[in-house]
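Visitor: I have a structure here, written as structure tokens, and I will follow up with some questions on it.
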Amino acid sequence: QLRRFQREDWLTDEMFLPFLNAVSDSYYRNDDDRSMLDNAMRLSSDELGEKRSQLRRVIEQQAKVLASLKEAALTLLPGEQIEDDEDVLRIAGVLQEEITRRQSAEWERRDTEKRLHEIMDSMQLGLAYFNDLGQLTGVQERFAEIVGRPAHWLVGKSAFQIQNIELNTDSALRFSVTREVYETNILTLKSEEKWLLCITSPMMDRNNQRTGGAIVIFDITDRKKLESDLKAARAAAESALEIRKAIIANVSHELRTPVNGIIGMTELLASTSLDERQKELIQTLRYSSTSLLQLVGDILDVSRLESGKFKLENI
């Protein structure tokens with residue numbers, strides 16, 4: 001343009017040259033900006049196309065979900081009138097509320113069951129569930145520890161299979177569907193005998209139909225051992241008491257003979273001619289031997305009392 005105006009000197013004018021350079025740079029920047037704008041428009045167009053494709057897929061998926069909800073609603077609620085998608089969404093909302101309520105109830109049941117198991121663990125109680133056929137369906141870890149068998153092995157087993165052998169007991173292990181409290185003994189895998197206090201109770205469903213039962217066990221082996229030790233100690237004490245009674249009775253009878261001899265000889269001696277000093281000694285001997293005989297008689301009376309052979313005399 002400057003050449004057209006025949007101003008060639010401007011192209012070399014030092015004062016005007018910075019202005020020309022700035023104008024030239026602005027043209028170059030304008031081309032770059034245009035290129036960047038075109039590129040941005042192209043990218044935006046591609047992104048918009050991708051978003052439209054995604055939206056189309058979401059719409060198609062929602063249509064399938066609505067169709068499935070409509071079909072499920074007609075199956076669950078045959079008499080329900082479904083005119084449009086709003087009815088389907090309304091029914092879906094009701095179903096969602098019901099699902100949420102059931103999930104909350106299930107979580108609450110699990111929390112309650114967890115707290116129950118924690119309480120039973122702290123009390124050293126074992127809990128297991130069994131079906132109407134008398135087979136274990138669920139086993140708490142403490143239950144498996146008490147009976148001395150793995151929990152996974154116990155599932156599906158009956159009471160007879162757990163007890164394994166017949167032991168000398170009045171009551172065998174059993175899974176009763178009635179409320180019972182009983183004691184029994186079993187053998188563990190290590191052939192250790194354990195005594196158990198068992199409590200059984202029936203399990204009911206929502207329709208009050210029996211589905212099986214639950215059993216709670218408590219290890220009373222130490223108590224049984226203590227009872228056995230106490231019985232042995234009592235038997236030993238009673239045996240020692242019988243021996244003591246026999247010894248007292250025999251010794252008492254044996255003492256009466258020499259004491260009676262002393263009394264008899266004292267009476268014979270008293271019938272002879274004695275001075276006053278000798279009569280005093282004989283009197284003391286007679287009193288002492290008579291007291292000794294009465295003491296021996298009292299000992300025999302105690303022995304008769306303990307043996308139940310004591311008879312009252314009216315004296």
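We label chains A, B, ... in the order they appear in the structure tokens, count residues from 1 in each chain, and number ligands from 1 in the order shown.
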Do you know which residues are at most 7 Å from segment 276-286 of chain A counting only C-alpha atoms, after dropping those on the same chain fewer than 6 positions away, and could you put them as a PyMOL selection string?
Guide: chain A and resi 263+266+270
Visitor: Save the residues we just selected, C-alpha atoms, as a PDB file, in the first residue's frame?
Guide:
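Listed below is the output, selection-v3.pdb:
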ATOM      1  CA  ILE A 263     -15.329-101.324 139.843  1.00  0.00           C
ATOM      2  CA  THR A 266     -13.046-101.932 144.262  1.00  0.00           C
ATOM      3  CA  ALA A 270     -14.180-102.231 150.189  1.00  0.00           C
TER       4      ALA A 270
END
Visitor: Residues near segment 200-212 of chain A, anyone? I mean within 7 Å using only C-alpha atoms, not counting same-chain ones fewer than 4 positions away, as a list in words.
Guide: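 Once the nearby chain positions are removed, what remains is Phe130, Asn131, Asp132, Phe175, Ser176, Val177, Thr178, Arg179, Glu180, Val181 and Val216 of chain A.
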Visitor: Pull N, CA, C and O atoms from the residues just selected and write them as a PDB file, in the first residue's frame.
Guide:
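Below is the file result.pdb, written as the result:
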ATOM      1  N   PHE A 130     -30.719 -75.093  63.091  1.00  0.00           N
ATOM      2  CA  PHE A 130     -30.950 -76.345  62.371  1.00  0.00           C
ATOM      3  C   PHE A 130     -32.331 -76.318  61.726  1.00  0.00           C
ATOM      4  O   PHE A 130     -33.222 -75.568  62.161  1.00  0.00           O
ATOM      5  N   ASN A 131     -32.486 -77.122  60.677  1.00  0.00           N
ATOM      6  CA  ASN A 131     -33.750 -77.147  59.950  1.00  0.00           C
ATOM      7  C   ASN A 131     -34.706 -78.165  60.557  1.00  0.00           C
ATOM      8  O   ASN A 131     -34.404 -78.792  61.585  1.00  0.00           O
ATOM      9  N   ASP A 132     -35.843 -78.349  59.902  1.00  0.00           N
ATOM     10  CA  ASP A 132     -36.875 -79.249  60.420  1.00  0.00           C
ATOM     11  C   ASP A 132     -36.454 -80.707  60.341  1.00  0.00           C
ATOM     12  O   ASP A 132     -37.085 -81.572  60.959  1.00  0.00           O
ATOM     13  N   PHE A 175     -31.292 -82.232  68.504  1.00  0.00           N
ATOM     14  CA  PHE A 175     -31.793 -80.954  68.018  1.00  0.00           C
ATOM     15  C   PHE A 175     -33.314 -80.994  68.080  1.00  0.00           C
ATOM     16  O   PHE A 175     -33.975 -81.447  67.148  1.00  0.00           O
ATOM     17  N   SER A 176     -33.852 -80.553  69.187  1.00  0.00           N
ATOM     18  CA  SER A 176     -35.293 -80.620  69.407  1.00  0.00           C
ATOM     19  C   SER A 176     -35.967 -79.344  68.903  1.00  0.00           C
ATOM     20  O   SER A 176     -35.439 -78.245  69.067  1.00  0.00           O
ATOM     21  N   VAL A 177     -37.133 -79.493  68.287  1.00  0.00           N
ATOM     22  CA  VAL A 177     -37.895 -78.344  67.810  1.00  0.00           C
ATOM     23  C   VAL A 177     -38.868 -77.855  68.877  1.00  0.00           C
ATOM     24  O   VAL A 177     -39.760 -77.054  68.593  1.00  0.00           O
ATOM     25  N   THR A 178     -38.718 -78.341  70.096  1.00  0.00           N
ATOM     26  CA  THR A 178     -39.485 -77.850  71.237  1.00  0.00           C
ATOM     27  C   THR A 178     -38.508 -77.214  72.221  1.00  0.00           C
ATOM     28  O   THR A 178     -37.301 -77.367  72.114  1.00  0.00           O
ATOM     29  N   ARG A 179     -39.039 -76.510  73.194  1.00  0.00           N
ATOM     30  CA  ARG A 179     -38.196 -75.863  74.192  1.00  0.00           C
ATOM     31  C   ARG A 179     -37.749 -76.905  75.222  1.00  0.00           C
ATOM     32  O   ARG A 179     -38.570 -77.460  75.945  1.00  0.00           O
ATOM     33  N   GLU A 180     -36.446 -77.151  75.271  1.00  0.00           N
ATOM     34  CA  GLU A 180     -35.893 -78.144  76.193  1.00  0.00           C
ATOM     35  C   GLU A 180     -34.607 -77.619  76.805  1.00  0.00           C
ATOM     36  O   GLU A 180     -33.880 -76.830  76.196  1.00  0.00           O
ATOM     37  N   VAL A 181     -34.339 -78.098  78.022  1.00  0.00           N
ATOM     38  CA  VAL A 181     -33.070 -77.833  78.710  1.00  0.00           C
ATOM     39  C   VAL A 181     -32.556 -79.171  79.230  1.00  0.00           C
ATOM     40  O   VAL A 181     -33.263 -79.848  79.995  1.00  0.00           O
ATOM     41  N   VAL A 216     -28.567 -73.543  71.943  1.00  0.00           N
ATOM     42  CA  VAL A 216     -27.512 -72.822  72.660  1.00  0.00           C
ATOM     43  C   VAL A 216     -26.842 -73.815  73.606  1.00  0.00           C
ATOM     44  O   VAL A 216     -27.529 -74.532  74.345  1.00  0.00           O
TER      45      VAL A 216
END
Visitor: Could you give me, as a PyMOL selection string, each residue of segment 34-270 of chain A that DSSP assigns to strand (DSSP E or B) when run on this structure's backbone?
Guide: chain A and resi 125-131+136-139+180-187+193-204+210-219
Visitor: State, in Å with one decimal place, the distance from atom CA of Ser24 of chain A to atom CA of Ala40 of chain A.
Guide: 24.6 Å
Visitor: Which is closer to Phe218 of chain A than all the others in A:Cys198, A:Leu48, A:Ala237, A:Ala63, using only C-alpha atoms?
Guide: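 Result for the nearest residue to Phe218 of chain A: A:Cys198.
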Visitor: I'd like the interatomic distance between atom CA of Asp229 of chain A and atom CA of Ile217 of chain A, to a tenth of an Å.
Guide: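 Separating atom CA of Asp229 of chain A from atom CA of Ile217 of chain A is a distance of 23.2 Å.
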Visitor: Work out how far apart atom CA of Ala246 of chain A and atom CA of Lys309 of chain A are and give it in Å to one decimal.
Guide: 13.4 Å
Visitor: Within 7 Å of segment 184-195 of chain A, counting only C-alpha atoms, which residues show up once you throw out same-chain ones fewer than 4 positions away? Write them as a ChimeraX atom specification, please.
Guide: /A:147-149,163,169,171-173,219-221
Visitor: Closest to Ile248 of chain A among A:Glu267, A:Asp298, A:Asp31, A:Glu183, using only C-alpha atoms?
Guide: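 Selected residue with least distance to Ile248 of chain A: A:Asp298.
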